[in-house]
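Participant: The file below is run02.pdb, PDB, C-alpha atoms:
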```pdb
ATOM      1  CA  MET A   1      83.554  86.097 100.707  1.00  0.00           C
ATOM      2  CA  HIS A   2      85.685  88.305 102.958  1.00  0.00           C
ATOM      3  CA  ARG A   3      85.930  91.881 101.733  1.00  0.00           C
ATOM      4  CA  LEU A   4      89.062  93.902 102.361  1.00  0.00           C
ATOM      5  CA  MET A   5      88.635  97.033 104.460  1.00  0.00           C
ATOM      6  CA  LYS A   6      89.317 100.106 102.362  1.00  0.00           C
ATOM      7  CA  LYS A   7      91.692 102.717 103.744  1.00  0.00           C
ATOM      8  CA  LYS A   8      89.893 105.929 104.641  1.00  0.00           C
ATOM      9  CA  ILE A   9      91.479 109.043 103.170  1.00  0.00           C
ATOM     10  CA  TYR A  10      90.123 112.465 104.100  1.00  0.00           C
ATOM     11  CA  ASN A  11      89.850 115.428 101.772  1.00  0.00           C
ATOM     12  CA  LYS A  12      90.609 117.630 104.809  1.00  0.00           C
ATOM     13  CA  PHE A  13      92.599 116.273 107.744  1.00  0.00           C
ATOM     14  CA  PRO A  14      91.885 118.078 111.052  1.00  0.00           C
ATOM     15  CA  LYS A  15      95.060 119.712 112.365  1.00  0.00           C
ATOM     16  CA  ALA A  16      93.902 119.087 115.939  1.00  0.00           C
ATOM     17  CA  ASP A  17      94.027 115.331 115.314  1.00  0.00           C
ATOM     18  CA  ILE A  18      97.726 115.380 114.420  1.00  0.00           C
ATOM     19  CA  ALA A  19      98.997 116.169 117.932  1.00  0.00           C
ATOM     20  CA  SER A  20      98.037 112.764 119.365  1.00  0.00           C
ATOM     21  CA  LEU A  21      99.585 110.722 116.546  1.00  0.00           C
ATOM     22  CA  PRO A  22     102.869 108.784 116.981  1.00  0.00           C
ATOM     23  CA  VAL A  23     105.921 110.532 115.532  1.00  0.00           C
ATOM     24  CA  VAL A  24     107.597 109.057 112.436  1.00  0.00           C
ATOM     25  CA  HIS A  25     111.370 109.306 111.851  1.00  0.00           C
ATOM     26  CA  PHE A  26     113.630 108.249 109.028  1.00  0.00           C
ATOM     27  CA  GLU A  27     115.459 105.157 110.273  1.00  0.00           C
ATOM     28  CA  GLY A  28     118.058 104.802 107.535  1.00  0.00           C
ATOM     29  CA  ARG A  29     121.589 106.151 107.175  1.00  0.00           C
ATOM     30  CA  ILE A  30     122.138 109.912 106.928  1.00  0.00           C
ATOM     31  CA  VAL A  31     125.217 111.236 105.098  1.00  0.00           C
ATOM     32  CA  VAL A  32     126.223 114.917 105.185  1.00  0.00           C
ATOM     33  CA  VAL A  33     127.885 116.149 101.972  1.00  0.00           C
ATOM     34  CA  VAL A  34     130.186 119.188 102.179  1.00  0.00           C
ATOM     35  CA  SER A  35     132.717 118.761  99.333  1.00  0.00           C
ATOM     36  CA  GLU A  36     132.423 118.336  95.572  1.00  0.00           C
ATOM     37  CA  ARG A  37     134.195 114.978  95.762  1.00  0.00           C
ATOM     38  CA  GLU A  38     131.600 113.733  98.275  1.00  0.00           C
ATOM     39  CA  ALA A  39     128.834 115.183  96.100  1.00  0.00           C
ATOM     40  CA  GLU A  40     130.073 113.253  93.050  1.00  0.00           C
ATOM     41  CA  ARG A  41     130.010 109.966  94.968  1.00  0.00           C
ATOM     42  CA  ALA A  42     126.578 110.690  96.441  1.00  0.00           C
ATOM     43  CA  VAL A  43     125.052 111.631  93.086  1.00  0.00           C
ATOM     44  CA  ARG A  44     126.497 108.528  91.426  1.00  0.00           C
ATOM     45  CA  PHE A  45     124.765 106.388  94.034  1.00  0.00           C
ATOM     46  CA  LEU A  46     121.481 108.302  93.983  1.00  0.00           C
ATOM     47  CA  LEU A  47     121.159 108.068  90.210  1.00  0.00           C
ATOM     48  CA  SER A  48     121.344 104.270  90.529  1.00  0.00           C
ATOM     49  CA  GLN A  49     118.173 104.223  92.650  1.00  0.00           C
ATOM     50  CA  PRO A  50     114.616 103.620  91.341  1.00  0.00           C
ATOM     51  CA  ILE A  51     113.054 106.632  93.087  1.00  0.00           C
ATOM     52  CA  LEU A  52     114.172 109.571  95.249  1.00  0.00           C
ATOM     53  CA  GLY A  53     112.566 111.958  97.725  1.00  0.00           C
ATOM     54  CA  ILE A  54     113.707 115.576  97.681  1.00  0.00           C
ATOM     55  CA  ASP A  55     113.369 118.711  99.798  1.00  0.00           C
ATOM     56  CA  THR A  56     115.311 121.863 100.697  1.00  0.00           C
ATOM     57  CA  GLU A  57     115.939 123.945 103.808  1.00  0.00           C
ATOM     58  CA  THR A  58     116.737 127.645 104.065  1.00  0.00           C
ATOM     59  CA  ARG A  59     117.814 129.667 107.074  1.00  0.00           C
ATOM     60  CA  PRO A  60     114.666 131.446 108.315  1.00  0.00           C
ATOM     61  CA  SER A  61     114.401 135.224 108.184  1.00  0.00           C
ATOM     62  CA  PHE A  62     112.919 136.986 111.181  1.00  0.00           C
ATOM     63  CA  ARG A  63     113.311 140.535 109.882  1.00  0.00           C
ATOM     64  CA  ARG A  64     111.390 142.015 106.993  1.00  0.00           C
ATOM     65  CA  GLY A  65     113.491 142.230 103.853  1.00  0.00           C
ATOM     66  CA  ASP A  66     116.054 139.643 104.956  1.00  0.00           C
ATOM     67  CA  MET A  67     116.523 136.794 102.502  1.00  0.00           C
ATOM     68  CA  HIS A  68     118.885 133.832 102.649  1.00  0.00           C
ATOM     69  CA  GLN A  69     120.107 131.454  99.978  1.00  0.00           C
ATOM     70  CA  VAL A  70     118.973 127.837 100.135  1.00  0.00           C
ATOM     71  CA  ALA A  71     121.352 126.092 102.537  1.00  0.00           C
ATOM     72  CA  LEU A  72     120.469 122.408 102.281  1.00  0.00           C
ATOM     73  CA  LEU A  73     119.258 119.974  99.650  1.00  0.00           C
ATOM     74  CA  GLN A  74     118.190 116.648 101.095  1.00  0.00           C
ATOM     75  CA  VAL A  75     117.798 113.713  98.718  1.00  0.00           C
ATOM     76  CA  SER A  76     116.671 110.346 100.039  1.00  0.00           C
ATOM     77  CA  ALA A  77     116.476 106.797  98.742  1.00  0.00           C
ATOM     78  CA  HIS A  78     114.532 104.193 100.722  1.00  0.00           C
ATOM     79  CA  ASP A  79     117.225 103.575 103.318  1.00  0.00           C
ATOM     80  CA  ILE A  80     119.862 106.318 102.925  1.00  0.00           C
ATOM     81  CA  CYS A  81     119.568 110.100 102.737  1.00  0.00           C
ATOM     82  CA  PHE A  82     122.229 112.550 101.576  1.00  0.00           C
ATOM     83  CA  LEU A  83     122.239 116.091 102.941  1.00  0.00           C
ATOM     84  CA  PHE A  84     123.966 118.387 100.446  1.00  0.00           C
ATOM     85  CA  ARG A  85     125.134 121.481 102.337  1.00  0.00           C
ATOM     86  CA  LEU A  86     124.734 124.014  99.558  1.00  0.00           C
ATOM     87  CA  ASN A  87     126.074 126.855 101.711  1.00  0.00           C
ATOM     88  CA  TYR A  88     129.425 125.026 101.437  1.00  0.00           C
ATOM     89  CA  LEU A  89     129.068 123.454  97.971  1.00  0.00           C
ATOM     90  CA  GLY A  90     127.648 126.476  96.143  1.00  0.00           C
ATOM     91  CA  ASP A  91     127.125 125.941  92.404  1.00  0.00           C
ATOM     92  CA  SER A  92     127.983 122.232  92.450  1.00  0.00           C
ATOM     93  CA  PRO A  93     128.385 120.430  89.073  1.00  0.00           C
ATOM     94  CA  ALA A  94     127.397 117.132  90.733  1.00  0.00           C
ATOM     95  CA  VAL A  95     124.226 118.573  92.239  1.00  0.00           C
ATOM     96  CA  CYS A  96     123.353 120.164  88.887  1.00  0.00           C
ATOM     97  CA  ARG A  97     123.729 116.744  87.240  1.00  0.00           C
ATOM     98  CA  LEU A  98     121.346 115.277  89.801  1.00  0.00           C
ATOM     99  CA  LEU A  99     118.778 118.025  89.288  1.00  0.00           C
ATOM    100  CA  GLU A 100     118.963 117.697  85.496  1.00  0.00           C
ATOM    101  CA  ASP A 101     118.593 113.901  85.455  1.00  0.00           C
ATOM    102  CA  LYS A 102     115.576 112.769  83.424  1.00  0.00           C
ATOM    103  CA  LYS A 103     115.582 109.048  84.321  1.00  0.00           C
ATOM    104  CA  VAL A 104     115.137 108.753  88.096  1.00  0.00           C
ATOM    105  CA  PRO A 105     111.866 110.238  89.424  1.00  0.00           C
ATOM    106  CA  LYS A 106     112.477 112.760  92.215  1.00  0.00           C
ATOM    107  CA  VAL A 107     109.399 113.247  94.380  1.00  0.00           C
ATOM    108  CA  GLY A 108     108.774 116.365  96.452  1.00  0.00           C
ATOM    109  CA  LEU A 109     106.051 118.646  97.740  1.00  0.00           C
ATOM    110  CA  SER A 110     105.442 122.174  96.500  1.00  0.00           C
ATOM    111  CA  LEU A 111     108.461 121.813  94.241  1.00  0.00           C
ATOM    112  CA  ARG A 112     107.968 125.167  92.573  1.00  0.00           C
ATOM    113  CA  ASP A 113     109.267 126.910  95.710  1.00  0.00           C
ATOM    114  CA  ASP A 114     112.252 124.549  95.989  1.00  0.00           C
ATOM    115  CA  MET A 115     113.151 124.991  92.324  1.00  0.00           C
ATOM    116  CA  MET A 116     112.952 128.764  92.618  1.00  0.00           C
ATOM    117  CA  GLN A 117     115.407 128.700  95.526  1.00  0.00           C
ATOM    118  CA  LEU A 118     117.780 126.324  93.750  1.00  0.00           C
ATOM    119  CA  HIS A 119     117.732 128.364  90.521  1.00  0.00           C
ATOM    120  CA  ARG A 120     118.928 131.383  92.509  1.00  0.00           C
ATOM    121  CA  LEU A 121     122.021 129.419  93.471  1.00  0.00           C
ATOM    122  CA  MET A 122     122.831 127.497  90.284  1.00  0.00           C
ATOM    123  CA  ASP A 123     121.922 127.300  86.596  1.00  0.00           C
ATOM    124  CA  PHE A 124     120.275 124.022  85.597  1.00  0.00           C
ATOM    125  CA  GLU A 125     117.481 122.588  83.477  1.00  0.00           C
ATOM    126  CA  GLU A 126     114.944 120.705  85.586  1.00  0.00           C
ATOM    127  CA  GLY A 127     114.911 116.944  85.081  1.00  0.00           C
ATOM    128  CA  LEU A 128     112.282 114.411  86.140  1.00  0.00           C
ATOM    129  CA  PHE A 129     110.398 115.736  89.170  1.00  0.00           C
ATOM    130  CA  ILE A 130     107.031 114.675  90.593  1.00  0.00           C
ATOM    131  CA  ASP A 131     105.107 117.102  92.789  1.00  0.00           C
ATOM    132  CA  LEU A 132     102.919 115.264  95.292  1.00  0.00           C
ATOM    133  CA  GLN A 133     100.486 118.163  95.450  1.00  0.00           C
ATOM    134  CA  ASN A 134      99.455 117.584  91.838  1.00  0.00           C
ATOM    135  CA  HIS A 135      98.825 113.880  92.431  1.00  0.00           C
ATOM    136  CA  VAL A 136      96.866 114.032  95.677  1.00  0.00           C
ATOM    137  CA  ARG A 137      94.522 116.575  94.093  1.00  0.00           C
ATOM    138  CA  GLU A 138      93.580 113.913  91.548  1.00  0.00           C
ATOM    139  CA  ILE A 139      91.921 111.788  94.250  1.00  0.00           C
ATOM    140  CA  GLY A 140      90.208 114.740  95.947  1.00  0.00           C
ATOM    141  CA  ILE A 141      92.588 115.677  98.787  1.00  0.00           C
ATOM    142  CA  GLU A 142      92.592 119.375  99.631  1.00  0.00           C
ATOM    143  CA  ASP A 143      95.058 119.605 102.557  1.00  0.00           C
ATOM    144  CA  MET A 144      98.489 119.874 100.957  1.00  0.00           C
ATOM    145  CA  SER A 145     101.043 120.199 103.758  1.00  0.00           C
ATOM    146  CA  LEU A 146     103.489 117.307 104.174  1.00  0.00           C
ATOM    147  CA  GLN A 147     102.506 116.871 107.806  1.00  0.00           C
ATOM    148  CA  LYS A 148      98.784 116.635 107.025  1.00  0.00           C
ATOM    149  CA  LEU A 149      99.316 114.330 104.067  1.00  0.00           C
ATOM    150  CA  TYR A 150     101.426 111.890 106.082  1.00  0.00           C
ATOM    151  CA  ALA A 151      98.933 111.909 108.936  1.00  0.00           C
ATOM    152  CA  ASN A 152      96.153 111.284 106.429  1.00  0.00           C
ATOM    153  CA  PHE A 153      97.846 108.366 104.658  1.00  0.00           C
ATOM    154  CA  PHE A 154      99.727 106.718 107.519  1.00  0.00           C
ATOM    155  CA  GLY A 155      98.283 107.943 110.835  1.00  0.00           C
ATOM    156  CA  GLN A 156     101.697 109.244 111.942  1.00  0.00           C
ATOM    157  CA  LYS A 157     103.053 112.695 112.704  1.00  0.00           C
ATOM    158  CA  ILE A 158     106.043 114.425 111.122  1.00  0.00           C
ATOM    159  CA  SER A 159     107.588 116.701 113.748  1.00  0.00           C
ATOM    160  CA  LYS A 160     108.231 120.248 112.483  1.00  0.00           C
ATOM    161  CA  ARG A 161     110.218 121.454 115.522  1.00  0.00           C
ATOM    162  CA  GLN A 162     113.460 121.921 113.599  1.00  0.00           C
ATOM    163  CA  GLN A 163     111.945 123.776 110.646  1.00  0.00           C
ATOM    164  CA  LEU A 164     112.862 127.287 111.820  1.00  0.00           C
ATOM    165  CA  THR A 165     116.361 126.478 113.055  1.00  0.00           C
ATOM    166  CA  ASN A 166     119.559 127.850 111.503  1.00  0.00           C
ATOM    167  CA  TRP A 167     120.406 125.664 108.501  1.00  0.00           C
ATOM    168  CA  GLU A 168     123.693 127.523 107.992  1.00  0.00           C
ATOM    169  CA  HIS A 169     125.238 126.375 111.299  1.00  0.00           C
ATOM    170  CA  ASP A 170     128.842 125.180 110.972  1.00  0.00           C
ATOM    171  CA  VAL A 171     127.676 121.739 112.076  1.00  0.00           C
ATOM    172  CA  LEU A 172     124.082 120.568 111.791  1.00  0.00           C
ATOM    173  CA  SER A 173     122.625 119.049 114.954  1.00  0.00           C
ATOM    174  CA  GLU A 174     121.463 115.437 115.008  1.00  0.00           C
ATOM    175  CA  LYS A 175     117.890 116.680 115.324  1.00  0.00           C
ATOM    176  CA  GLN A 176     118.284 118.890 112.251  1.00  0.00           C
ATOM    177  CA  LYS A 177     119.733 116.017 110.223  1.00  0.00           C
ATOM    178  CA  LEU A 178     116.929 113.665 111.246  1.00  0.00           C
ATOM    179  CA  TYR A 179     114.278 116.279 110.468  1.00  0.00           C
ATOM    180  CA  ALA A 180     115.731 116.979 107.014  1.00  0.00           C
ATOM    181  CA  ALA A 181     116.081 113.298 106.120  1.00  0.00           C
ATOM    182  CA  THR A 182     112.559 112.504 107.325  1.00  0.00           C
ATOM    183  CA  ASP A 183     111.021 115.213 105.150  1.00  0.00           C
ATOM    184  CA  ALA A 184     112.689 113.864 101.998  1.00  0.00           C
ATOM    185  CA  TRP A 185     112.077 110.182 102.761  1.00  0.00           C
ATOM    186  CA  THR A 186     108.383 110.635 103.577  1.00  0.00           C
ATOM    187  CA  CYS A 187     107.850 111.983 100.047  1.00  0.00           C
ATOM    188  CA  ILE A 188     108.808 108.543  98.698  1.00  0.00           C
ATOM    189  CA  MET A 189     106.518 106.806 101.180  1.00  0.00           C
ATOM    190  CA  LEU A 190     103.574 109.028 100.252  1.00  0.00           C
ATOM    191  CA  TYR A 191     104.066 108.647  96.520  1.00  0.00           C
ATOM    192  CA  GLU A 192     104.352 104.870  96.657  1.00  0.00           C
ATOM    193  CA  GLU A 193     101.273 104.542  98.866  1.00  0.00           C
ATOM    194  CA  LEU A 194      99.309 106.883  96.624  1.00  0.00           C
ATOM    195  CA  GLU A 195     100.296 104.805  93.590  1.00  0.00           C
ATOM    196  CA  ARG A 196      99.291 101.595  95.385  1.00  0.00           C
ATOM    197  CA  LEU A 197      95.902 102.956  96.395  1.00  0.00           C
ATOM    198  CA  GLU A 198      95.154 104.358  92.942  1.00  0.00           C
ATOM    199  CA  GLN A 199      96.032 101.082  91.243  1.00  0.00           C
ATOM    200  CA  SER A 200      94.193  98.853  93.716  1.00  0.00           C
ATOM    201  CA  GLY A 201      91.236 101.122  94.448  1.00  0.00           C
ATOM    202  CA  GLU A 202      91.542 100.106  98.114  1.00  0.00           C
ATOM    203  CA  TYR A 203      90.630 103.515  99.516  1.00  0.00           C
ATOM    204  CA  GLU A 204      87.561 105.525 100.358  1.00  0.00           C
ATOM    205  CA  LEU A 205      87.585 109.319 100.201  1.00  0.00           C
ATOM    206  CA  VAL A 206      85.757 110.852 103.163  1.00  0.00           C
ATOM    207  CA  VAL A 207      84.601 114.330 102.242  1.00  0.00           C
ATOM    208  CA  ASP A 208      84.087 117.123 104.769  1.00  0.00           C
ATOM    209  CA  TYR A 209      81.728 119.669 103.177  1.00  0.00           C
ATOM    210  CA  SER A 210      82.151 122.301 105.893  1.00  0.00           C
TER     211      SER A 210
END
```
What would you get if you wrote out this structure as structure tokens?

Facilitator:
Amino acid sequence: MHRLMKKKIYNKFPKADIASLPVVHFEGRIVVVVSEREAERAVRFLLSQPILGIDTETRPSFRRGDMHQVALLQVSAHDICFLFRLNYLGDSPAVCRLLEDKKVPKVGLSLRDDMMQLHRLMDFEEGLFIDLQNHVREIGIEDMSLQKLYANFFGQKISKRQQLTNWEHDVLSEKQKLYAATDAWTCIMLYEELERLEQSGEYELVVDYS
């Protein structure tokens, strides 16, 4: 009887191994949202989806004591990602409705930091969110960055080149938009693969004791 090869998952993924991996990009449609009317339409669509990936971006501070408000909330379905430009929208009723929704799971990574930033901008009660960090710990993974997790599960690299760019620019560059959408979308991919592996048992945890 032919036995299926189990996927190898590492408790610690060597950072040096990431550089040689092929780069992954979100290949769906990206929609930038700058008005409340656009936000209402986007949220209506997103809340009709079975699962969402979520992330935020904030203009980096290069001087001690400087702090910026969260500038971007990216929310992705499987094939479309909406980039809510919070530096234009501010305290958006539509975005609050999305964040308070308790029916559609919204998957992110290190969500505590994102929620803290969003609470500084608007008042909302947190809805249904799933933090990947909590779930990967359950199967013994110790490396928690999005880049390491994606490399571990899929053998592909998420480029972080746009991370420290200015997210408050009047117009986001194509590279910024692709980076933001990829970060949100990969959260869905990771969660669904993790669920599949946990249910099927088709994985082997390789433990580095060093």

Participant: Which residues of segment 58-176 of chain A come within 6 Å of segment 32-49 of chain A, and for each one, what is the closest pair of atoms and their distance in Å to one decimal, counting all atoms listed in the file, sorted by chain and residue number, as CSV?

Facilitator:
```
residue,atom,partner,partner_atom,distance
A:Phe82,CA,A:Val32,CA,5.9
A:Leu83,CA,A:Val32,CA,4.7
A:Phe84,CA,A:Val33,CA,4.8
A:Arg85,CA,A:Val34,CA,5.6
A:Tyr88,CA,A:Val34,CA,5.9
A:Ala94,CA,A:Glu40,CA,5.3
```

Participant: Hey, can you check how far atom CA of Tyr203 of chain A sits from atom CA of His25 of chain A?

Facilitator: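 Atom CA of Tyr203 of chain A sits 24.8 Å away from atom CA of His25 of chain A.
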
Participant: What is the distance between atom CA of Asp183 of chain A and atom CA of Gly127 of chain A, in Å to one decimal?

Facilitator: 20.5 Å

Participant: Extract, using all atoms listed in the file, all DNA, RNA and protein residues at most 10 Å from Ile18 of chain A, discarding same-chain residues fewer than 4 positions from it, and format them as a VMD selection string.

Facilitator: chain A and resid 13 to 14 22 to 23 147 to 148 150 to 152 155 to 159

Participant: Can you write out the residues you just picked, keeping C-alpha atoms, as a CSV table (one decimal), in the coordinates of the input?

Facilitator:
```csv
chain,number,residue,atom,x,y,z
A,13,PHE,CA,92.6,116.3,107.7
A,14,PRO,CA,91.9,118.1,111.1
A,22,PRO,CA,102.9,108.8,117.0
A,23,VAL,CA,105.9,110.5,115.5
A,147,GLN,CA,102.5,116.9,107.8
A,148,LYS,CA,98.8,116.6,107.0
A,150,TYR,CA,101.4,111.9,106.1
A,151,ALA,CA,98.9,111.9,108.9
A,152,ASN,CA,96.2,111.3,106.4
A,155,GLY,CA,98.3,107.9,110.8
A,156,GLN,CA,101.7,109.2,111.9
A,157,LYS,CA,103.1,112.7,112.7
A,158,ILE,CA,106.0,114.4,111.1
A,159,SER,CA,107.6,116.7,113.7
```

Participant: Show me the residues around (119.3, 132.3, 104.2) - criterion: an atom at most 7 Å away, all atoms listed in the file counted - as an mmCIF file with C-alpha atoms, keeping the file's coordinate frame.

Facilitator:
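Listed below is the output, point-v4.cif:
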```
data_model
loop_
_atom_site.group_PDB
_atom_site.id
_atom_site.type_symbol
_atom_site.label_atom_id
_atom_site.label_comp_id
_atom_site.auth_asym_id
_atom_site.auth_seq_id
_atom_site.Cartn_x
_atom_site.Cartn_y
_atom_site.Cartn_z
ATOM 1 C CA THR A 58 116.737 127.645 104.065
ATOM 2 C CA ARG A 59 117.814 129.667 107.074
ATOM 3 C CA PRO A 60 114.666 131.446 108.315
ATOM 4 C CA SER A 61 114.401 135.224 108.184
ATOM 5 C CA MET A 67 116.523 136.794 102.502
ATOM 6 C CA HIS A 68 118.885 133.832 102.649
ATOM 7 C CA GLN A 69 120.107 131.454 99.978
ATOM 8 C CA VAL A 70 118.973 127.837 100.135
ATOM 9 C CA ALA A 71 121.352 126.092 102.537
#
```

Participant: So, counting only C-alpha atoms, which residue among A:Leu149, A:Leu178, A:Val104, A:Val136 is closest to Glu198 of chain A?

Facilitator: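 Ranked by minimum distance to Glu198 of chain A, first place goes to A:Val136.
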
Participant: Once the PyMOL selection byres ((chain A and resi 118) around 10) has been evaluated on this model, what residues remain selected, and can you format them as a list of chain:residue names?

Facilitator: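 This file, filtered by the PyMOL selection byres ((chain A and resi 118) around 10), leaves A:Thr56, A:Gln69, A:Val70, A:Ala71, A:Leu72, A:Leu73, A:Leu86, A:Asp91, A:Cys96, A:Leu99, A:Arg112, A:Asp113, A:Asp114, A:Met115, A:Met116, A:Gln117, A:His119, A:Arg120, A:Leu121, A:Met122, A:Asp123, A:Phe124.
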
Participant: Just to confirm, what's the straight-line distance from atom CA of Tyr191 of chain A to atom CA of Ser110 of chain A in Å (one decimal)?

Facilitator: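 Separating atom CA of Tyr191 of chain A from atom CA of Ser110 of chain A is a distance of 13.6 Å.
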
Participant: Of the candidates A:Asp170, A:Glu57, A:Glu27, A:Glu192, which one gets nearest to Val107 of chain A if we count only C-alpha atoms?

Facilitator: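 For Val107 of chain A, the nearest of the given residues is A:Glu192.
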
Participant: Got a sec to check which residues sit within 12 Å of (120.3, 114.6, 113.0), counting all atoms listed in the file, and write them as a list of chain:residue names?

Facilitator: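 Applying the cut-off with all atoms listed in the file, one gets A:His25, A:Phe26, A:Glu27, A:Gly28, A:Arg29, A:Ile30, A:Val31, A:Val32, A:Cys81, A:Phe82, A:Leu83, A:Gln162, A:Trp167, A:Val171, A:Leu172, A:Ser173, A:Glu174, A:Lys175, A:Gln176, A:Lys177, A:Leu178, A:Tyr179, A:Ala180, A:Ala181, A:Thr182.
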
Participant: With distances taken over all atoms listed in the file, which residue among A:Val24, A:Asp101, A:His78, A:Phe129 lies nearest Pro50 of chain A?

Facilitator: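 Among A:Val24, A:Asp101, A:His78, A:Phe129, it is A:His78 that comes nearest to Pro50 of chain A.
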
Participant: Given the file above and the PyMOL selection byres ((chain A and resi 187) around 9), which residues are selected, and can you give them as a list in words?

Facilitator: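 Matching residues under the PyMOL selection byres ((chain A and resi 187) around 9) are Leu52, Gly53, Ile54, Asp55, Ser76, Val107, Gly108, Leu109, Leu132, Leu146, Tyr150, Thr182, Asp183, Ala184, Trp185, Thr186, Ile188, Met189, Leu190, Tyr191 and Glu192 of chain A.
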
Participant: Evaluate the PyMOL selection byres ((chain A and resi 11) around 12) here and jot the selected residues down as a PyMOL selection string.

Facilitator: chain A and resi 8-10+12-14+136-144+148-149+152-153+204-210
